[in-house]
>>> print(open('query-v4.cif').read())   # mmCIF, C-alpha atoms
data_my_file
loop_
_atom_site.label_atom_id
_atom_site.label_comp_id
_atom_site.auth_asym_id
_atom_site.auth_seq_id
_atom_site.Cartn_x
_atom_site.Cartn_y
_atom_site.Cartn_z
CA MET Y 9 0.00 0.00 0.00
CA LYS Y 10 2.71 2.46 -0.97
CA ASN Y 11 0.21 5.03 -2.24
CA ILE Y 12 -1.79 5.12 0.97
CA CYS Y 13 -2.61 8.64 2.08
CA ILE Y 14 -3.96 9.58 5.46
CA ARG Y 15 -5.32 13.08 5.57
CA LYS Y 16 -6.75 15.16 8.35
CA GLY Y 17 -8.20 18.62 8.46
CA PHE Y 18 -10.25 21.03 10.48
CA ILE Y 19 -13.31 22.94 9.38
CA ASN Y 20 -14.44 25.80 11.59
CA PHE Y 21 -17.94 27.16 11.22
CA CYS Y 22 -18.52 30.54 12.83
CA LEU Y 23 -21.74 29.80 14.67
CA ASP Y 24 -22.46 33.46 15.33
CA ALA Y 25 -22.61 34.06 11.57
CA ILE Y 26 -25.35 31.49 10.97
CA LYS Y 27 -28.78 33.09 10.63
CA VAL Y 28 -31.10 31.63 13.26
CA ARG Y 29 -34.85 31.66 12.61
CA SER Y 30 -35.83 30.69 16.12
CA PRO Y 31 -33.78 29.46 19.07
CA ASN Y 32 -33.68 25.91 17.75
CA SER Y 33 -33.83 26.14 13.99
CA ILE Y 34 -32.23 27.68 10.96
CA THR Y 35 -33.76 28.26 7.55
CA GLU Y 36 -33.66 25.61 4.85
CA ALA Y 37 -31.62 28.01 2.72
CA SER Y 38 -29.05 28.36 5.51
CA LYS Y 39 -28.87 24.59 5.92
CA LYS Y 40 -28.30 24.19 2.18
CA ASN Y 41 -25.63 26.87 2.15
CA LEU Y 42 -23.82 25.36 5.13
CA LEU Y 43 -23.91 21.92 3.55
CA SER Y 44 -22.47 23.29 0.30
CA ILE Y 45 -19.74 25.15 2.16
CA GLY Y 46 -19.01 21.99 4.16
CA ILE Y 47 -18.64 20.00 0.92
CA HIS Y 48 -16.29 22.66 -0.46
CA GLU Y 49 -14.12 22.65 2.66
CA PHE Y 50 -14.16 18.85 2.94
CA ALA Y 51 -12.85 18.63 -0.63
CA HIS Y 52 -9.89 20.73 0.52
CA VAL Y 53 -9.29 18.27 3.32
CA LEU Y 54 -9.42 15.38 0.85
CA GLY Y 55 -6.63 16.92 -1.18
CA ILE Y 56 -7.76 19.88 -3.26
CA ASN Y 57 -5.16 22.18 -1.87
CA GLY Y 58 -2.11 23.91 -3.30
CA GLU Y 59 0.06 22.12 -0.77
CA SER Y 60 -1.13 18.71 -2.02
CA TRP Y 61 -0.23 18.83 -5.71
CA LYS Y 62 3.36 17.72 -5.05
CA PHE Y 63 2.16 14.58 -3.26
CA PHE Y 64 0.02 13.27 -6.14
CA ARG Y 65 0.70 9.75 -7.36
CA HIS Y 66 0.00 7.93 -10.59
CA PRO Y 67 -3.46 6.36 -10.13
CA ALA Y 68 -2.42 3.07 -11.77
CA THR Y 69 1.15 2.53 -10.62
CA GLY Y 70 1.15 4.45 -7.34
CA GLU Y 71 4.47 6.06 -8.26
CA PRO Y 72 4.93 9.68 -7.14
CA LEU Y 73 4.27 12.18 -9.94
CA THR Y 74 6.80 14.58 -8.42
CA ALA Y 75 10.24 13.03 -7.96
CA ARG Y 76 11.45 12.23 -4.45
CA PRO Y 77 13.29 13.40 -2.51
CA PHE Y 78 11.74 16.82 -2.94
CA GLU Y 79 14.11 19.58 -4.01
CA PRO Y 80 13.09 22.93 -2.48
CA GLN Y 81 14.02 25.93 -4.61
CA LEU Y 82 13.75 29.69 -4.88
CA TYR Y 83 10.60 30.16 -6.93
CA THR Y 84 8.29 32.88 -8.24
CA CYS Y 85 4.75 32.12 -7.12
CA VAL Y 86 1.54 33.14 -8.87
CA ASN Y 87 1.41 36.41 -6.92
CA GLY Y 88 4.74 37.44 -8.48
CA GLU Y 89 6.67 37.16 -5.21
CA ARG Y 90 9.78 34.98 -4.93
CA TYR Y 91 9.88 32.54 -2.07
CA LYS Y 92 12.56 30.25 -0.69
CA ASP Y 93 12.19 26.50 -0.21
CA VAL Y 94 9.24 26.03 -2.55
CA ILE Y 95 8.65 22.46 -3.68
CA VAL Y 96 7.39 22.72 -7.24
CA PRO Y 97 5.12 19.90 -8.43
CA SER Y 98 6.21 18.03 -11.54
CA CYS Y 99 5.15 19.29 -14.97
CA ASN Y 100 2.96 16.19 -15.36
CA THR Y 101 0.82 17.66 -12.56
CA LEU Y 102 1.07 21.45 -12.78
CA LYS Y 103 2.14 23.90 -15.48
CA GLN Y 104 2.58 27.66 -15.51
CA GLY Y 105 1.14 30.01 -18.12
CA VAL Y 106 0.27 33.64 -18.84
CA SER Y 107 -3.33 34.62 -19.61
CA SER Y 108 -4.51 37.00 -22.34
CA ASN Y 109 -4.56 39.92 -19.88
CA GLY Y 110 -0.97 39.29 -18.87
CA MET Y 111 -1.63 37.60 -15.54
CA PRO Y 112 0.37 34.49 -14.65
CA TYR Y 113 -1.50 31.33 -13.70
CA PHE Y 114 -0.97 27.68 -12.91
CA GLU Y 115 -3.08 24.91 -14.34
CA ILE Y 116 -3.63 21.29 -13.37
CA VAL Y 117 -2.60 19.12 -16.32
CA THR Y 118 -3.26 15.60 -15.04
CA PRO Y 119 -5.01 13.42 -17.66
CA THR Y 120 -8.56 13.19 -16.30
CA VAL Y 121 -8.70 16.85 -15.28
CA LYS Y 122 -7.43 17.89 -18.71
CA GLN Y 123 -10.05 15.83 -20.53
CA VAL Y 124 -12.92 17.00 -18.32
CA ALA Y 125 -11.86 20.64 -18.84
CA ARG Y 126 -11.72 20.08 -22.61
CA ASN Y 127 -15.21 18.62 -22.53
CA GLN Y 128 -16.56 21.41 -20.31
CA PHE Y 129 -15.62 24.15 -22.75
CA GLY Y 130 -15.77 22.10 -25.94
CA CYS Y 131 -12.13 22.93 -26.61
CA GLN Y 132 -9.90 19.94 -27.29
CA ALA Y 133 -6.81 22.17 -27.48
CA LEU Y 134 -6.84 22.92 -23.75
CA THR Y 135 -3.78 21.80 -21.83
CA GLY Y 136 -5.41 21.73 -18.40
CA ALA Y 137 -7.75 23.44 -15.94
CA ARG Y 138 -6.67 26.77 -14.52
CA LEU Y 139 -6.29 27.44 -10.82
CA GLU Y 140 -7.30 30.70 -9.16
CA ASN Y 141 -4.50 33.18 -9.73
CA GLN Y 142 -5.62 35.62 -7.07
CA PRO Y 143 -4.82 33.25 -4.20
CA THR Y 144 -7.08 33.45 -1.20
CA ASN Y 145 -4.18 32.60 1.09
CA ILE Y 146 -0.83 34.43 0.99
CA LEU Y 147 0.98 31.15 1.62
CA ASP Y 148 -0.61 29.60 -1.46
CA CYS Y 149 2.01 29.57 -4.22
CA PHE Y 150 0.09 27.84 -7.03
CA GLY Y 151 -3.64 28.19 -6.31
CA THR Y 152 -6.08 26.03 -4.40
CA HIS Y 153 -9.38 26.69 -6.20
CA TRP Y 154 -10.60 26.52 -9.78
CA ASP Y 155 -10.22 29.97 -11.32
CA GLU Y 156 -13.46 31.97 -10.91
CA ARG Y 157 -12.99 33.53 -14.36
CA TYR Y 158 -13.41 30.13 -16.01
CA PHE Y 159 -15.24 28.12 -13.36
CA TYR Y 160 -17.58 30.63 -11.68
CA SER Y 161 -20.34 28.08 -11.06
CA GLU Y 162 -18.11 25.31 -9.66
CA THR Y 163 -18.37 24.35 -5.98
CA LEU Y 164 -14.57 24.39 -5.80
CA SER Y 165 -14.11 27.92 -7.08
CA ALA Y 166 -13.12 30.46 -4.44
CA TYR Y 167 -16.36 32.45 -4.32
CA TYR Y 168 -19.51 30.85 -2.98
CA ALA Y 169 -23.00 31.77 -4.11
CA PRO Y 170 -25.98 29.41 -3.82
CA GLU Y 171 -26.71 29.77 -7.54
CA ALA Y 172 -23.08 29.15 -8.52
CA ASN Y 173 -22.55 25.88 -6.76
CA TYR Y 174 -22.28 22.86 -9.02
CA PHE Y 175 -20.30 19.87 -7.77
CA SER Y 176 -18.75 18.88 -11.06
CA ALA Y 177 -16.83 16.04 -12.65
CA LEU Y 178 -13.82 18.37 -12.76
CA THR Y 179 -13.50 18.32 -8.99
CA LEU Y 180 -13.86 14.56 -8.77
CA ALA Y 181 -11.37 14.17 -11.63
CA LEU Y 182 -8.81 16.09 -9.60
CA LEU Y 183 -9.38 13.86 -6.60
CA GLU Y 184 -9.07 10.78 -8.82
CA ASP Y 185 -5.89 12.07 -10.47
CA SER Y 186 -4.35 12.49 -7.01
CA GLY Y 187 -3.94 8.73 -7.04
CA TRP Y 188 -5.63 8.45 -3.66
CA TYR Y 189 -9.24 7.86 -4.70
CA ARG Y 190 -11.42 6.24 -7.30
CA ALA Y 191 -14.25 8.59 -8.18
CA ASN Y 192 -17.90 7.73 -8.71
CA TYR Y 193 -19.13 10.36 -11.16
CA THR Y 194 -22.80 9.36 -10.89
CA ASN Y 195 -23.83 12.30 -8.73
CA THR Y 196 -21.81 15.05 -10.36
CA GLN Y 197 -23.51 18.01 -12.02
CA THR Y 198 -22.56 19.77 -15.22
CA SER Y 199 -21.51 23.30 -14.41
CA PRO Y 200 -23.24 25.77 -16.78
CA PHE Y 201 -20.59 28.48 -16.74
CA GLY Y 202 -18.59 28.29 -19.98
CA HIS Y 203 -20.22 25.01 -20.93
CA GLY Y 204 -19.64 24.47 -24.65
CA ALA Y 205 -18.41 28.05 -25.12
CA GLY Y 206 -15.34 27.04 -27.10
CA CYS Y 207 -11.63 27.86 -27.00
CA ASP Y 208 -12.15 31.63 -27.37
CA PHE Y 209 -13.95 31.71 -24.03
CA VAL Y 210 -10.81 30.39 -22.38
CA GLU Y 211 -8.14 32.06 -24.45
CA LYS Y 212 -9.52 35.55 -25.07
CA GLU Y 213 -10.67 38.32 -22.75
CA CYS Y 214 -14.19 38.42 -21.33
CA ILE Y 215 -14.87 41.89 -22.79
CA GLU Y 216 -13.80 42.98 -26.26
CA ARG Y 217 -12.52 46.53 -26.73
CA ASN Y 218 -14.59 48.66 -29.12
CA ASP Y 219 -13.74 52.35 -29.15
CA ASP Y 220 -16.86 53.16 -31.15
CA LEU Y 221 -19.13 52.29 -28.25
CA PRO Y 222 -19.88 54.66 -25.35
CA MET Y 223 -18.26 52.37 -22.80
CA GLY Y 224 -15.53 51.29 -25.17
CA GLY Y 225 -16.20 47.59 -24.85
CA GLU Y 226 -18.76 44.92 -25.57
CA LEU Y 227 -19.52 41.29 -25.01
CA PRO Y 228 -18.02 39.08 -27.68
CA GLN Y 229 -20.13 36.15 -28.84
CA TYR Y 230 -18.22 33.62 -26.71
CA SER Y 231 -18.96 35.66 -23.55
CA LYS Y 232 -22.70 36.05 -24.06
CA GLY Y 233 -24.73 34.46 -21.30
CA PHE Y 234 -21.69 34.11 -19.04
CA PHE Y 235 -20.47 37.67 -18.65
CA CYS Y 236 -22.39 40.94 -18.94
CA ALA Y 237 -21.82 44.56 -19.93
CA ASP Y 238 -24.94 46.49 -18.90
CA ALA Y 239 -23.75 48.76 -16.11
CA ILE Y 240 -25.86 49.54 -13.07
CA THR Y 241 -26.42 53.28 -13.01
CA ARG Y 242 -27.48 55.64 -10.27
CA SER Y 243 -30.19 58.22 -10.86
CA GLN Y 244 -29.93 61.79 -9.57
CA ASN Y 245 -31.89 60.90 -6.43
CA GLY Y 246 -29.47 58.06 -5.71
CA ASP Y 247 -31.68 55.17 -6.76
CA LEU Y 248 -30.01 52.32 -8.58
CA ASN Y 249 -31.16 51.49 -12.10
CA ILE Y 250 -30.64 47.82 -12.77
CA ASP Y 251 -31.36 46.35 -16.18
CA TYR Y 252 -32.22 42.83 -15.15
CA THR Y 253 -30.63 40.05 -17.15
CA CYS Y 254 -30.07 36.39 -16.24
CA ASP Y 255 -27.36 34.80 -14.15
CA PRO Y 256 -25.11 32.27 -15.94
CA SER Y 257 -27.25 29.31 -14.82
CA HIS Y 258 -30.44 30.98 -16.13
CA ARG Y 259 -32.19 30.07 -12.89
CA LEU Y 260 -32.19 33.65 -11.61
CA LYS Y 261 -32.83 37.17 -12.70
CA ALA Y 262 -29.81 39.25 -11.81
CA GLY Y 263 -28.11 42.58 -12.37
CA CYS Y 264 -24.65 42.86 -13.87
CA ASP Y 265 -22.00 43.62 -11.24
CA LEU Y 266 -20.65 46.46 -13.40
CA ILE Y 267 -20.94 49.80 -11.65
CA ASP Y 268 -19.17 53.12 -11.35
CA ARG Y 269 -17.48 52.78 -8.00
CA GLY Y 270 -15.58 56.04 -7.98
CA GLU Y 271 -11.94 57.05 -8.30
CA GLN Y 272 -10.97 55.50 -4.97
CA TYR Y 273 -11.73 52.03 -6.32
CA ARG Y 274 -9.52 52.25 -9.39
CA LEU Y 275 -8.95 48.75 -10.69
CA PRO Y 276 -5.57 47.21 -11.48
CA LYS Y 277 -4.75 47.49 -15.17
CA GLU Y 278 -5.44 43.83 -15.91
CA GLY Y 279 -9.02 44.40 -14.75
CA ARG Y 280 -9.76 47.37 -17.04
CA TYR Y 281 -11.57 45.92 -20.01
CA PHE Y 282 -13.39 49.03 -21.20
CA ALA Y 283 -11.65 51.64 -23.33
CA ASN Y 284 -13.84 54.53 -22.21
CA PRO Y 285 -11.74 56.76 -19.89
CA VAL Y 286 -14.46 56.90 -17.23
CA SER Y 287 -14.90 53.17 -17.37
CA ASN Y 288 -11.16 52.71 -17.20
CA ILE Y 289 -11.02 54.50 -13.91
CA SER Y 290 -13.98 53.23 -12.12
CA PHE Y 291 -15.90 50.38 -13.60
CA HIS Y 292 -15.72 46.99 -12.05
CA MET E 28 -20.77 52.60 -3.44
CA ALA E 29 -20.72 48.97 -4.49
CA GLN E 30 -21.12 47.60 -1.01
CA ASP E 31 -24.48 49.23 -0.46
CA ILE E 32 -26.07 46.96 -3.05
CA GLY E 33 -24.28 43.87 -1.84
CA ILE E 34 -21.75 43.55 -4.64
CA PHE E 35 -19.08 41.04 -3.84
CA LEU E 36 -16.11 42.15 -5.84
CA LEU E 37 -15.07 39.27 -7.99
CA ASP E 38 -11.39 40.06 -8.27
CA THR E 39 -11.07 36.29 -8.40
CA ALA E 40 -12.95 36.42 -11.72
CA ASP E 41 -10.23 38.75 -13.04
CA TYR E 42 -12.77 41.59 -12.65
CA CYS E 43 -14.86 40.22 -15.50
CA PRO E 44 -18.45 41.42 -15.01
CA ILE E 45 -20.94 38.68 -14.13
CA ALA E 46 -24.70 38.95 -13.57
CA GLN E 47 -24.88 38.14 -9.87
CA VAL E 48 -26.32 41.24 -8.20
CA ASN E 49 -29.76 41.57 -6.56
CA THR E 50 -30.77 38.10 -7.68
CA ARG E 51 -34.38 36.92 -7.93
CA ASP E 52 -34.82 33.16 -8.04
CA CYS E 53 -37.12 32.16 -10.92
CA GLN E 54 -37.59 28.74 -9.29
CA ASP E 55 -38.95 30.07 -6.01
CA PRO E 56 -42.78 30.24 -6.20
CA SER E 57 -42.87 32.64 -3.25
CA ASN E 58 -41.38 35.27 -5.57
CA ASN E 59 -44.63 35.55 -7.56
CA ASN E 60 -45.79 39.18 -7.33
CA ARG E 61 -43.18 39.78 -4.64
CA PHE E 62 -41.36 42.56 -6.50
CA GLY E 63 -44.48 44.33 -7.65
CA ARG E 64 -46.69 42.57 -10.15
CA ASN E 65 -45.11 39.82 -12.25
CA ARG E 66 -43.95 40.91 -15.68
CA PRO E 67 -46.05 39.86 -18.68
CA GLY E 68 -46.33 36.10 -19.03
CA GLU E 69 -43.95 35.28 -16.24
CA ILE E 70 -44.36 32.71 -13.50
CA TYR E 71 -41.94 31.93 -10.72
CA ALA E 72 -42.08 28.14 -10.42
CA GLU E 73 -39.78 25.18 -9.85
CA ASP E 74 -39.53 24.62 -13.61
CA SER E 75 -38.99 28.25 -14.59
CA LEU E 76 -35.88 29.63 -16.25
CA CYS E 77 -34.72 33.18 -16.89
CA TYR E 78 -34.85 34.78 -20.36
CA ASP E 79 -33.50 38.12 -21.54
CA SER E 80 -36.51 39.99 -22.87
CA ILE E 81 -37.79 43.18 -24.45
CA ILE E 82 -41.14 44.56 -23.36
CA PRO E 83 -42.36 47.09 -25.94
CA LYS E 84 -42.92 50.69 -25.06
CA ILE E 85 -46.33 51.96 -24.09
CA GLY E 86 -47.05 55.50 -25.23
CA ASP E 87 -43.96 57.66 -24.93
CA SER E 88 -41.98 55.27 -22.74
CA GLU E 89 -38.91 53.39 -23.95
CA ASP E 90 -38.84 49.66 -24.63
CA ILE E 91 -37.98 47.89 -21.40
CA LYS E 92 -34.91 45.69 -21.53
CA THR E 93 -35.37 43.17 -18.73
CA SER E 94 -35.58 39.46 -18.03
CA LEU E 95 -38.56 37.18 -17.50
CA CYS E 96 -39.08 33.97 -15.54
CA LEU E 97 -40.89 31.54 -17.84
CA GLN E 98 -41.86 27.94 -17.25
CA SER E 99 -39.60 25.72 -19.31
CA LYS E 100 -38.48 22.17 -19.95
CA CYS E 101 -35.19 20.88 -21.30
CA ASN E 102 -36.20 18.17 -23.76
CA ALA E 103 -33.42 15.59 -23.69
CA ASN E 104 -34.80 13.78 -26.74
CA THR E 105 -34.95 16.76 -29.10
CA HIS E 106 -32.15 18.77 -27.40
CA ASN E 107 -34.51 21.72 -27.52
CA LEU E 108 -35.71 23.98 -24.73
CA GLU E 109 -39.48 24.24 -24.51
CA VAL E 110 -40.98 27.43 -23.11
CA TYR E 111 -44.55 27.49 -21.82
CA VAL E 112 -46.05 30.95 -21.86
CA SER E 113 -49.48 32.47 -22.34
CA GLY E 114 -50.99 29.06 -23.06
CA ARG E 115 -48.49 28.28 -25.81
CA THR E 116 -45.38 26.16 -26.16
CA LEU E 117 -42.50 27.94 -27.85
CA VAL E 118 -39.36 26.02 -28.76
CA CYS E 119 -35.78 27.22 -28.50
CA GLN E 120 -33.92 25.25 -31.15
CA PHE E 121 -30.62 27.13 -31.17
CA ASP E 122 -28.60 29.52 -29.04
CA PHE E 123 -29.84 33.12 -28.84
CA GLN E 124 -32.88 32.43 -31.00
CA ASN E 125 -35.41 35.28 -30.91
CA LEU E 126 -38.93 34.26 -29.95
CA GLY E 127 -42.04 36.17 -28.98
CA PHE E 128 -45.53 35.91 -27.61
CA VAL E 129 -48.50 38.19 -27.27
CA TYR E 130 -49.67 39.09 -23.79
CA GLN E 131 -52.69 41.35 -23.41
CA SER E 132 -52.06 42.86 -26.86
CA GLN E 133 -48.40 43.44 -26.06
CA GLU E 134 -45.84 41.67 -28.23
CA ILE E 135 -43.15 40.47 -25.87
CA ARG E 136 -39.80 39.37 -27.31
CA PHE E 137 -37.33 37.11 -25.56
CA ILE E 138 -33.98 35.58 -26.38
CA CYS E 139 -33.30 31.89 -25.94
CA PRO E 140 -30.25 31.18 -23.82
CA ARG E 141 -27.28 29.09 -24.83
CA LEU E 142 -28.85 25.68 -24.74
CA LEU E 143 -25.74 24.03 -23.26
CA ALA E 144 -25.79 26.50 -20.35
CA ALA E 145 -29.53 26.44 -19.61
CA CYS E 146 -29.75 22.68 -20.14
CA PRO E 147 -26.25 21.56 -19.16
CA GLU E 148 -27.19 17.91 -18.66
#
>>> encode(input="query-v4.cif", output="structure tokens")
Amino acid sequence: MKNICIRKGFINFCLDAIKVRSPNSITEASKKNLLSIGIHEFAHVLGINGESWKFFRHPATGEPLTARPFEPQLYTCVNGERYKDVIVPSCNTLKQGVSSNGMPYFEIVTPTVKQVARNQFGCQALTGARLENQPTNILDCFGTHWDERYFYSETLSAYYAPEANYFSALTLALLEDSGWYRANYTNTQTSPFGHGAGCDFVEKECIERNDDLPMGGELPQYSKGFFCADAITRSQNGDLNIDYTCDPSHRLKAGCDLIDRGEQYRLPKEGRYFANPVSNISFH
Amino acid sequence: MAQDIGIFLLDTADYCPIAQVNTRDCQDPSNNNRFGRNRPGEIYAEDSLCYDSIIPKIGDSEDIKTSLCLQSKCNANTHNLEVYVSGRTLVCQFDFQNLGFVYQSQEIRFICPRLLAACPE
């Protein structure tokens, strides 16, 4: 049993933050949310964690995918900082890349994950599934979640919303490719975000520059239904004007999270998709 | 400014704009007439889905660009999306197809979603 793996973890729920309906009960929605969050966190315990990639083993042979003994090195992590004593997973597990907006990222390239990602987007040229490149933990060198930009509706993306919470084959594929588990895909759900959108959805930017338009940008065909470009505006009396559209799952009406947030919230340059000078400064 | 309408800044989505603000669940029946009267033809029900729509102007007002919750069924045999509205069944056969129905003399237009996103299974 050379590929045996014993894992342990802790999940802390802040009880004070749970909405209580009466002294002894919580709402069904709260229960559902807590269960989903528990599933997300438990998947981290099982091995979906930036610290785990280097320990992955070949599912058939049990051989380590990253050579032993480990060789710590000085390494530039996804946040651009250089750190000492980083153990870099083998290139059969993790690869580095640069996205269309210039941001570095890491992607999981193990065989099952790669194939599931290709099927998700309908893009057989994909080399893997990208990890979140705005790490939620400063000690996280490579990424621990699926990147929100590509996998918004996945349970194992960093941001939780009840409507964006699909436990997908991608997540089980990663657990299976760890070499520690055999996955049963029967109960997985297909995540709607980016489903069948093609290679452009992955390789190009979510908003296409167009200087002829008032905001200086528009939704390209591959982004329609997944991203949005109708800004929320504020009337003179301060009321918000929301043009309702649909969320990516089409289960909800929703407003686009594009709004003038003021000079103090100027976005980093990789987040400025609109050419219009006002938009450049202040639109999310 | 963003916080007062509950926007969670999706820096993790590389700041790409996503429709996720002030959500109204089409599949929650308790939402019927909860935000004022339902829009033309719409029903909040367990089998409803959201459709981008245009409600034509009345008098001097502008056309209203909005979304509607319409009862729907993903037909796994035909790979079409069936929409039940105003006593009729309309069929989405391809992505972003334009369809319409008449509701109290108003001609309402709506846009079919990407079928692989609305019916991912």
>>> axis_aligned_box(input="query-v4.cif", around="stretch 83-91 of chain E", padding_each_side="6 Å", output="JSON")
{"center_x": -42.5, "center_y": 52.4, "center_z": -23.7, "size_x": 21.1, "size_y": 22.6, "size_z": 16.5}
>>> atom_distance(input="query-v4.cif", atom1="atom CA of E:Thr50", atom2="atom CA of Y:Lys261")
5.5 Å
>>> resolve_selection(input="query-v4.cif", expression="the PyMOL selection byres ((chain Y) within 8 of (chain E))", output="tab-separated table (two decimals) with C-alpha atoms, in the frame of the given file")
chain	number	residue	atom	x	y	z
Y	140	GLU	CA	-7.30	30.70	-9.16
Y	141	ASN	CA	-4.50	33.18	-9.73
Y	142	GLN	CA	-5.62	35.62	-7.07
Y	155	ASP	CA	-10.22	29.97	-11.32
Y	156	GLU	CA	-13.46	31.97	-10.91
Y	157	ARG	CA	-12.99	33.53	-14.36
Y	158	TYR	CA	-13.41	30.13	-16.01
Y	160	TYR	CA	-17.58	30.63	-11.68
Y	166	ALA	CA	-13.12	30.46	-4.44
Y	167	TYR	CA	-16.36	32.45	-4.32
Y	197	GLN	CA	-23.51	18.01	-12.02
Y	198	THR	CA	-22.56	19.77	-15.22
Y	199	SER	CA	-21.51	23.30	-14.41
Y	200	PRO	CA	-23.24	25.77	-16.78
Y	201	PHE	CA	-20.59	28.48	-16.74
Y	202	GLY	CA	-18.59	28.29	-19.98
Y	203	HIS	CA	-20.22	25.01	-20.93
Y	204	GLY	CA	-19.64	24.47	-24.65
Y	214	CYS	CA	-14.19	38.42	-21.33
Y	215	ILE	CA	-14.87	41.89	-22.79
Y	233	GLY	CA	-24.73	34.46	-21.30
Y	234	PHE	CA	-21.69	34.11	-19.04
Y	235	PHE	CA	-20.47	37.67	-18.65
Y	236	CYS	CA	-22.39	40.94	-18.94
Y	237	ALA	CA	-21.82	44.56	-19.93
Y	251	ASP	CA	-31.36	46.35	-16.18
Y	252	TYR	CA	-32.22	42.83	-15.15
Y	253	THR	CA	-30.63	40.05	-17.15
Y	254	CYS	CA	-30.07	36.39	-16.24
Y	255	ASP	CA	-27.36	34.80	-14.15
Y	256	PRO	CA	-25.11	32.27	-15.94
Y	257	SER	CA	-27.25	29.31	-14.82
Y	258	HIS	CA	-30.44	30.98	-16.13
Y	259	ARG	CA	-32.19	30.07	-12.89
Y	260	LEU	CA	-32.19	33.65	-11.61
Y	261	LYS	CA	-32.83	37.17	-12.70
Y	262	ALA	CA	-29.81	39.25	-11.81
Y	263	GLY	CA	-28.11	42.58	-12.37
Y	264	CYS	CA	-24.65	42.86	-13.87
Y	265	ASP	CA	-22.00	43.62	-11.24
Y	266	LEU	CA	-20.65	46.46	-13.40
Y	267	ILE	CA	-20.94	49.80	-11.65
Y	269	ARG	CA	-17.48	52.78	-8.00
Y	270	GLY	CA	-15.58	56.04	-7.98
Y	278	GLU	CA	-5.44	43.83	-15.91
Y	279	GLY	CA	-9.02	44.40	-14.75
Y	280	ARG	CA	-9.76	47.37	-17.04
Y	281	TYR	CA	-11.57	45.92	-20.01
Y	292	HIS	CA	-15.72	46.99	-12.05
>>> closest_residue(input="query-v4.cif", among="E:Ser88, E:Asn125, E:Gln120, E:Asn65", to="E:Asn107", atoms="only C-alpha atoms")
E:Gln120
>>> closest_residue(input="query-v4.cif", among="Y:Ala125, Y:Ala283, Y:Leu82, Y:Cys149", to="Y:Cys207", atoms="all atoms listed in the file")
Y:Ala125
>>> residues_around(input="query-v4.cif", residues="Y:Glu79", least_positions_apart="5", cutoff="10 Å", atoms="only C-alpha atoms", output="PDB file with C-alpha atoms, in the frame of the given file")
ATOM      1  CA  THR Y  74       6.800  14.580  -8.420  1.00  0.00           C
ATOM      2  CA  ASP Y  93      12.190  26.500  -0.210  1.00  0.00           C
ATOM      3  CA  VAL Y  94       9.240  26.030  -2.550  1.00  0.00           C
ATOM      4  CA  ILE Y  95       8.650  22.460  -3.680  1.00  0.00           C
ATOM      5  CA  VAL Y  96       7.390  22.720  -7.240  1.00  0.00           C
TER       6      VAL Y  96
END
>>> atom_distance(input="query-v4.cif", atom1="atom CA of Y:Gly70", atom2="atom CA of Y:Glu184")
12.1 Å
>>> residues_around(input="query-v4.cif", residues="stretch 103-119 of chain Y", least_positions_apart="4", cutoff="9 Å", atoms="all atoms listed in the file", output="PyMOL selection string")
(chain Y and resi 61+86-88+97-99+123-124+135-142+150-151+154+181-182+185-186+211-213+277-279) or (chain E and resi 41)
>>> atom_distance(input="query-v4.cif", atom1="atom CA of Y:Phe159", atom2="atom CA of E:Ser99")
25.2 Å
